[in-house]
Structures are given as C-alpha cells and as structure tokens.
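Some notes on the structure that comes next.
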Amino acid sequence: MHRTSQFLHQCHQTWVANRATKPCDVFINHRGIDTKRTVATLLYDHLYRLNLHPFLDSKNMKPGDKLFDNINGAIRKCKVGVAVFSPRYCESYFCLHELALMMESRKKVIPIFCDVKPSQLRAVDNGKCAMEDIRRFNWALEEAKYTVGLTFDSLKGNWSDVVTSASDNVIKTLIEMEGEKQMQRRKTSPILHV
C-alpha cells in the first residue's frame, strides 16, 4: 500500500511540474470571486481532459510564484484567450490588465459574457489606477465588446453547455491557427525541383 501511495505521489508531482512549465494553449481570464468555482475551473478541467494546456492561475501557479511574471508570460505564449466577463470583472486590476495584454498581443480572444451584458463593461477611475491604465483597459473592453462571444445566464443556463460551447470554439480556433501556420510554412519553404 505504501508503494502505491509513493507512486501516485510521484505521478502527481510530475503532472504538476509538466502542467506548470509547458506553454499554454489557452489562457483563461476571469474574476475569481465570480467564476473560479464555476465556469473557469470547469472550462480548465474540460480543456485539460482534451489534452490541451490551459492556464488558470489557481491551477498553474504555486506559492512563491511572481504574479505578473507568470501571468504575463502565459499570455504572451498562449495561442488563444478566453475572457470570462462577470458582474465584478471590471473591479479587478488583474482581470483588466490580462485582457489588455491579450488584446495588445493580438491574441484571438473568445469572450464569455456570464451574467453581464457587453454594454455594462467599463473600467472606472476609482483613483487606484493611472489614467493611462484606465484608457488601456477601456480600449481592451471595447475590443472585447465588439467580438462575437458566448452569453450565459447562470440562473437559466446549463454550465455544461457553456463549457462545451467554449471548448468547441477554442478547438476550432486552434485548428484554424494550425492550418494558417501550415500555409505560411508552405509559402516560405523553398520549392525543390528534381
């Protein structure tokens, strides 16, 4: 019995190390207080079971990690972003910073409007952020508002449906991106004449 628990512990440690170091396919941007125990974690788990490498702060980071270093690095290396907008999303500097960085990095972002309408999203100057940050955040929010996304009402909707739909959109985006990459390689690779 002791050998089994040692083996399982070793497997878990390897799994955690690989999960933390491997570049992510999809960055999940969310307001933890609103969505961490619902759509964000469900989406992470679903994508992970599909052998993708999602990034969710609570799953990929450990005590002692530098927040901005890890999050900014994950955003820069990810292929696609999912922004889960919720009623208190715009109150979070981190959420807005992550969204702005995804938009500035020209990542494809799939919005999920969870219990909030796009028109309700705006960064408000509460005196805690520089005006330049407020402008940057509102620009990113405007970009997201005019991106086709998913809407979800937690009182009427089914969590499984929104997670499946978001996952399907992520997979479709990743497939399209891989196809575009292959076409670019064909265009730039030398033609061999025999």
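Going by the structure tokens order, chains are called A, B, ..., each with residues numbered from 1, while ligands are numbered from 1 in the order shown.
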Worksheet item: Using only C-alpha atoms, which residues sit within 8 Å of Cys90 (chain A) once same-chain residues fewer than 5 positions away are excluded, as a list in words?
Response: Cys95, Leu96, Leu121, Arg122, Ala123 and Val124 of chain A
Include N, CA, C and O atoms and write out the residues we just selected as a short mmCIF file (atom, residue, chain, number, x, y, z; two decimals), in the first residue's frame.
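Below is the file that was written, out_28.cif:
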```cif
data_model
loop_
_atom_site.label_atom_id
_atom_site.label_comp_id
_atom_site.auth_asym_id
_atom_site.auth_seq_id
_atom_site.Cartn_x
_atom_site.Cartn_y
_atom_site.Cartn_z
N CYS A 95 -7.74 41.38 -13.84
CA CYS A 95 -8.57 40.99 -14.99
C CYS A 95 -8.36 41.94 -16.15
O CYS A 95 -8.16 41.52 -17.29
N LEU A 96 -8.43 43.23 -15.85
CA LEU A 96 -8.31 44.23 -16.90
C LEU A 96 -6.91 44.25 -17.50
O LEU A 96 -6.75 44.38 -18.72
N LEU A 121 -19.82 46.66 -19.45
CA LEU A 121 -18.38 46.57 -19.16
C LEU A 121 -17.68 47.90 -19.40
O LEU A 121 -17.69 48.43 -20.50
N ARG A 122 -17.07 48.43 -18.34
CA ARG A 122 -16.23 49.62 -18.48
C ARG A 122 -15.35 49.73 -17.24
O ARG A 122 -15.77 49.40 -16.13
N ALA A 123 -14.13 50.18 -17.49
CA ALA A 123 -13.20 50.43 -16.39
C ALA A 123 -13.51 51.80 -15.82
O ALA A 123 -13.64 52.77 -16.57
N VAL A 124 -13.63 51.90 -14.53
CA VAL A 124 -13.98 53.15 -13.88
C VAL A 124 -12.77 53.66 -13.11
O VAL A 124 -12.04 52.89 -12.48
#
```
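Backbone DSSP assigns strand (DSSP E) in region 16-115 of chain A to Val26, Phe27, Ile28, Asn29, His30, Pro54, Phe55, Val80, Gly81, Val82, Ala83, Val84, Phe85, Lys108, Val109, Ile110, Pro111, Ile112, Phe113 and Cys114 of chain A.
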Which polymer residues have any atom within 10 Å of an atom of Asp25 (chain A), counting only C-alpha atoms, with same-chain residues fewer than 5 positions away left out, as a PDB file with C-alpha atoms, in the first residue's frame?
```pdb
ATOM      1  CA  LEU A  47      -9.795  21.535 -21.897  1.00  0.00           C
ATOM      2  CA  LEU A  52      -4.879  20.868 -24.268  1.00  0.00           C
ATOM      3  CA  HIS A  53      -2.784  23.010 -21.965  1.00  0.00           C
ATOM      4  CA  PRO A  54      -4.995  25.704 -20.438  1.00  0.00           C
ATOM      5  CA  PHE A  55      -3.701  28.300 -17.986  1.00  0.00           C
ATOM      6  CA  ALA A  74       1.495  32.712 -20.051  1.00  0.00           C
ATOM      7  CA  ILE A  75      -0.457  35.330 -22.010  1.00  0.00           C
ATOM      8  CA  LYS A  77       2.991  32.326 -25.025  1.00  0.00           C
ATOM      9  CA  CYS A  78      -0.660  31.269 -25.298  1.00  0.00           C
ATOM     10  CA  LYS A  79      -2.324  30.672 -28.627  1.00  0.00           C
ATOM     11  CA  VAL A  80      -5.817  31.871 -27.701  1.00  0.00           C
ATOM     12  CA  GLY A  81      -7.518  33.581 -24.775  1.00  0.00           C
ATOM     13  CA  VAL A 170     -11.238  27.063 -28.585  1.00  0.00           C
ATOM     14  CA  ILE A 171     -10.591  23.844 -30.518  1.00  0.00           C
ATOM     15  CA  LEU A 174      -6.622  26.224 -32.575  1.00  0.00           C
TER      16      LEU A 174
END
```
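The coordinates place CA of Ala100 (chain A) at 12.9 Å from CA of Lys145 (chain A).
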Fill in: Shell around region 102-111 of chain A at 8 Å using only C-alpha atoms, local window under 2 positions removed, as a ChimeraX atom specification
/A:75-76,79-85,98-100,113,140,143-144,147-150,166,169-170
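Distance-wise, CA of Phe152 (chain A) and CA of Asp133 (chain A) end up 28.3 Å apart.
If you measure from each of A:Phe137, A:Trp159, A:Phe68, A:Tyr89 to Arg37 (chain A) using only C-alpha atoms, the closest one turns out to be A:Trp159.
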